[in-house]
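One structure is given below, encoded as structure tokens.
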Amino acid sequence: MENKQPFYGWKLVGALWFLYLLNMGFPLYGGAVINTYMLKEITMERSVYGLGFTLLNFFVGVPSILVAAAIGKWGVRSTFGIGSALILIGTLWMAFVASQPWHYLVGFGVIIGSGIGFGTIVPLSTAVTRWFKQYRGRAMAITLTASGFAGFLGAPLMNKVLAANGGDWRQAWLMVAGIAIVAAIVAFLTVKERPEDLGQLVDGIEEYASGQGGQANSLATKFSWTPSEAYGTRAFWMIVVGSFACQFPFFFFTAHWILHLRGLGINPADAAWAMGLFTMGGIGGRLIGGWLMDKMPARFAFMMGICCYFVGSFLAINVTAGSLMVAFAAAILYGAGFGWTFVCLNTMVGNFFGPVAFPKVNGMMLLLSALACSPAGMVGGKLFDMFKSYTPAFYLNVAICIVGISALFFATMPQKKTTDSTIKA
């Protein structure tokens with residue numbers, strides 16, 4: 001008798017959604033709120049404060065090659081566990097050790113950043129790429145909406161906890177430590193490596209077994225790529241430049257948005273809600289971007305998402321204490337811009353180079369974007385220290401987006417030049 005159990009892929013999407021919510025939403029978005037309270041006890045310049053987010057973003061992306069190696073050696077599930085363990089260590093460091101600026105930089109920037117790197121994007125997107133092809137964009141989008149819900153719930157929740165406990169930010173970090181433990185348990189119980197492990201097929205349908213792929217084949221590669229071959233294509237490097245436009249504005253915004261609003265006279269509770277709306281905007285952006293990735297050429301979907309940053313930047317520049325709705329609109333557009341483009345970025349790599357090469361190629365992509373974009377928090381803080389305003393930083397974001405759109409225009413589907421072009425992916 002054949003195994004007729006229901007396709008596990010969509011259940012896996014639910015599990016990955018929850019893991020992403022726990023391993024990134026609370027350490028990053030909740031941490032952005034917690035750290036503003038920490039500043040009352042551990043004083044530091046804005047550039048040093050921004051450096052913490054720079055280090056976090058750096059260590060989310062830079063170990064991506066190590067994350068890919070961990071996936072190859074131990075699997076997706078164990079890699080998630082490593083990430084949760086590092087987040088646990090980092091949050092305990094923040095709760096019990098941090099008392100000087102360098103403690104904050106090590107705990108939040110290095111240890112928690114590394115934990116997020118091991119426990120989120122690369123293992124998550126690898127699992128989605130292995131389990132889906134025709135529905136890859138939508139599956140990726142649904143999974144990545146989790147951080148939006150976490151931000152919408154996590155930032156206001158942490159602000160309420162801190163307001164209720166007299167601003168005890170160490171206690172708030174202990175809450176995040178407990179969440180990391182839950183994430184490790186969820187990964188152990190629910191993550192499955194490949195559909196073949198359960199006797200199933202990609203997308204849960206049999207057309208790929210017979211070499212047919214319907215509409216998916218017009219948007220996903222027909223070739224079997226190796227990482228070294230992918231690195232030699234023009235498309236890879238154009239996507240790399242596009243990734244800068246996806247992540248640099250986001251890294252800056254996450255680090256400085258609450259401080260920007262509070263500096264304009266907006267109260268802490270409203271600033272926290274604006275951060276929550278930023279992450280909720282990311283939910284809509286992810287769903288739109290994922291749907292478009294399954295319907296149209298990837299570069300056009302990616303370019304459209306970057307445009308959200310343009311309008312959001314100009315709105316952010318014009319926020320005042322009496323224009324809370326403008327602040328909310330800017331936050332939603334920034335969130336939509338990141339969510340939209342980040343889904344496009346990860347899905348585009350899978351569609352262009354296939355599931356076998358994906359972990360290493362996507363890891364390299366995240367490494368390069370981390371090297372280029374991690375300084376965003378520090379750069380934004382330095383610009384504020386120089387000009388006493390975040391306006392120059394928002395204009396810098398606009399310029400980076402123009403460069404990204406220009407590069408993506410040339411990011412067409414790569415084709416192999418050798419005689420193995422008849423080999424199907």
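Chain identifiers are assigned as A, B, and so on, following the order in which chains appear in the structure tokens; residues are numbered from 1 within each chain, and ligands are numbered from 1 in order of appearance.
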
Report as a Markdown table: every residue of region 183-249 of chain A with an atom at most 12 Å from region 78-88 of chain A, its closest pair of atoms, and their distance in Å to one decimal, counting only C-alpha atoms, with rows sorted by chain and ascending residue number.
```
| residue | atom | partner | partner_atom | distance |
| --- | --- | --- | --- | --- |
| A:Ala183 | CA | A:Ser84 | CA | 6.4 |
| A:Ala184 | CA | A:Gly81 | CA | 5.1 |
| A:Ile185 | CA | A:Gly81 | CA | 8.2 |
| A:Val186 | CA | A:Gly81 | CA | 9.3 |
| A:Ala187 | CA | A:Phe80 | CA | 6.4 |
| A:Phe188 | CA | A:Gly81 | CA | 7.5 |
| A:Leu189 | CA | A:Gly81 | CA | 11.0 |
| A:Thr190 | CA | A:Phe80 | CA | 11.2 |
| A:Val191 | CA | A:Phe80 | CA | 9.1 |
| A:Lys192 | CA | A:Ser78 | CA | 10.6 |
| A:Glu193 | CA | A:Ser78 | CA | 10.2 |
```

Write the selection just made, keeping C-alpha atoms, as a PDB file, in the first residue's frame?
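That gives us out_30.pdb:
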```
ATOM      1  CA  ALA A 183      11.752  27.666  20.005  1.00  0.00           C
ATOM      2  CA  ALA A 184      14.284  24.860  20.461  1.00  0.00           C
ATOM      3  CA  ILE A 185      11.518  22.479  21.531  1.00  0.00           C
ATOM      4  CA  VAL A 186       9.333  23.413  18.566  1.00  0.00           C
ATOM      5  CA  ALA A 187      12.203  22.809  16.122  1.00  0.00           C
ATOM      6  CA  PHE A 188      12.973  19.386  17.593  1.00  0.00           C
ATOM      7  CA  LEU A 189       9.368  18.243  17.373  1.00  0.00           C
ATOM      8  CA  THR A 190       8.228  19.633  14.015  1.00  0.00           C
ATOM      9  CA  VAL A 191      11.003  20.289  11.480  1.00  0.00           C
ATOM     10  CA  LYS A 192      11.390  17.665   8.717  1.00  0.00           C
ATOM     11  CA  GLU A 193      14.330  17.931   6.345  1.00  0.00           C
TER      12      GLU A 193
END
```

Considering only C-alpha atoms, tabulate each residue of region 156-235 of chain A that lies at most 7 Å from region 25-34 of chain A along with its nearest interatomic pair and the corresponding distance in Å to one decimal; arrange the rows by chain and ascending residue number and present them as a Markdown table.
```
| residue | atom | partner | partner_atom | distance |
| --- | --- | --- | --- | --- |
| A:Met158 | CA | A:Gly30 | CA | 6.1 |
| A:Asn159 | CA | A:Val33 | CA | 6.5 |
| A:Trp169 | CA | A:Ile34 | CA | 5.7 |
| A:Ala172 | CA | A:Ile34 | CA | 6.9 |
| A:Val176 | CA | A:Phe26 | CA | 6.4 |
```

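The residue set within 10 Å of Gly335 (chain A), counting only C-alpha atoms and dropping same-chain residues fewer than 2 places from it, reads Gly148, Phe250, Phe253, Thr254, Met275, Gly276, Leu277, Phe278, Thr279, Met280, Gly281, Gly282, Ile283, Gly284, Gly285, Arg286, Cys308, Tyr309, Gly312, Ala329, Ala330, Ala331, Ile332, Leu333, Gly337, Phe338, Gly339 and Trp340 of chain A.
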
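Across the model, the gap from CA of Val349 (chain A) to CA of Ser406 (chain A) is 18.2 Å.
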
Contacts between region 41-45 of chain A and region 134-237 of chain A, please, where a residue of region 134-237 of chain A counts if it comes within 12 Å (with only C-alpha atoms); show its shortest atom pair and distance in Å to one decimal, rows by chain and ascending number, as a Markdown table.
```
| residue | atom | partner | partner_atom | distance |
| --- | --- | --- | --- | --- |
| A:Gly167 | CA | A:Glu41 | CA | 9.9 |
| A:Asp168 | CA | A:Glu41 | CA | 10.0 |
| A:Trp169 | CA | A:Glu41 | CA | 9.6 |
| A:Arg170 | CA | A:Glu41 | CA | 10.9 |
```

Produce a file of the selected residues containing all heavy atoms, as an mmCIF file, in the first residue's frame.
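Resulting contents of selection.cif:
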```
data_model
loop_
_atom_site.group_PDB
_atom_site.id
_atom_site.type_symbol
_atom_site.label_atom_id
_atom_site.label_comp_id
_atom_site.auth_asym_id
_atom_site.auth_seq_id
_atom_site.Cartn_x
_atom_site.Cartn_y
_atom_site.Cartn_z
ATOM 1 N N GLY A 167 10.570 49.724 34.403
ATOM 2 C CA GLY A 167 11.666 49.821 33.450
ATOM 3 C C GLY A 167 12.760 48.798 33.661
ATOM 4 O O GLY A 167 13.914 49.026 33.252
ATOM 5 N N ASP A 168 12.432 47.672 34.278
ATOM 6 C CA ASP A 168 13.431 46.616 34.530
ATOM 7 C C ASP A 168 13.700 45.856 33.234
ATOM 8 O O ASP A 168 13.089 44.832 32.943
ATOM 9 C CB ASP A 168 12.913 45.666 35.614
ATOM 10 C CG ASP A 168 13.976 44.666 36.067
ATOM 11 O OD1 ASP A 168 15.004 44.529 35.373
ATOM 12 O OD2 ASP A 168 13.767 43.995 37.099
ATOM 13 N N TRP A 169 14.649 46.345 32.468
ATOM 14 C CA TRP A 169 14.942 45.767 31.164
ATOM 15 C C TRP A 169 15.602 44.392 31.279
ATOM 16 O O TRP A 169 15.497 43.574 30.364
ATOM 17 C CB TRP A 169 15.825 46.718 30.356
ATOM 18 C CG TRP A 169 17.087 47.153 31.042
ATOM 19 C CD1 TRP A 169 17.236 48.183 31.910
ATOM 20 C CD2 TRP A 169 18.372 46.549 30.920
ATOM 21 N NE1 TRP A 169 18.536 48.269 32.345
ATOM 22 C CE2 TRP A 169 19.259 47.278 31.743
ATOM 23 C CE3 TRP A 169 18.869 45.463 30.188
ATOM 24 C CZ2 TRP A 169 20.610 46.951 31.864
ATOM 25 C CZ3 TRP A 169 20.213 45.137 30.303
ATOM 26 C CH2 TRP A 169 21.066 45.877 31.131
ATOM 27 N N ARG A 170 16.247 44.124 32.401
ATOM 28 C CA ARG A 170 16.859 42.808 32.589
ATOM 29 C C ARG A 170 15.778 41.729 32.694
ATOM 30 O O ARG A 170 15.932 40.626 32.155
ATOM 31 C CB ARG A 170 17.740 42.819 33.832
ATOM 32 C CG ARG A 170 18.917 43.782 33.739
ATOM 33 C CD ARG A 170 19.772 43.747 34.991
ATOM 34 N NE ARG A 170 20.788 44.793 34.961
ATOM 35 C CZ ARG A 170 21.959 44.701 34.351
ATOM 36 N NH1 ARG A 170 22.265 43.579 33.712
ATOM 37 N NH2 ARG A 170 22.820 45.692 34.359
#
```
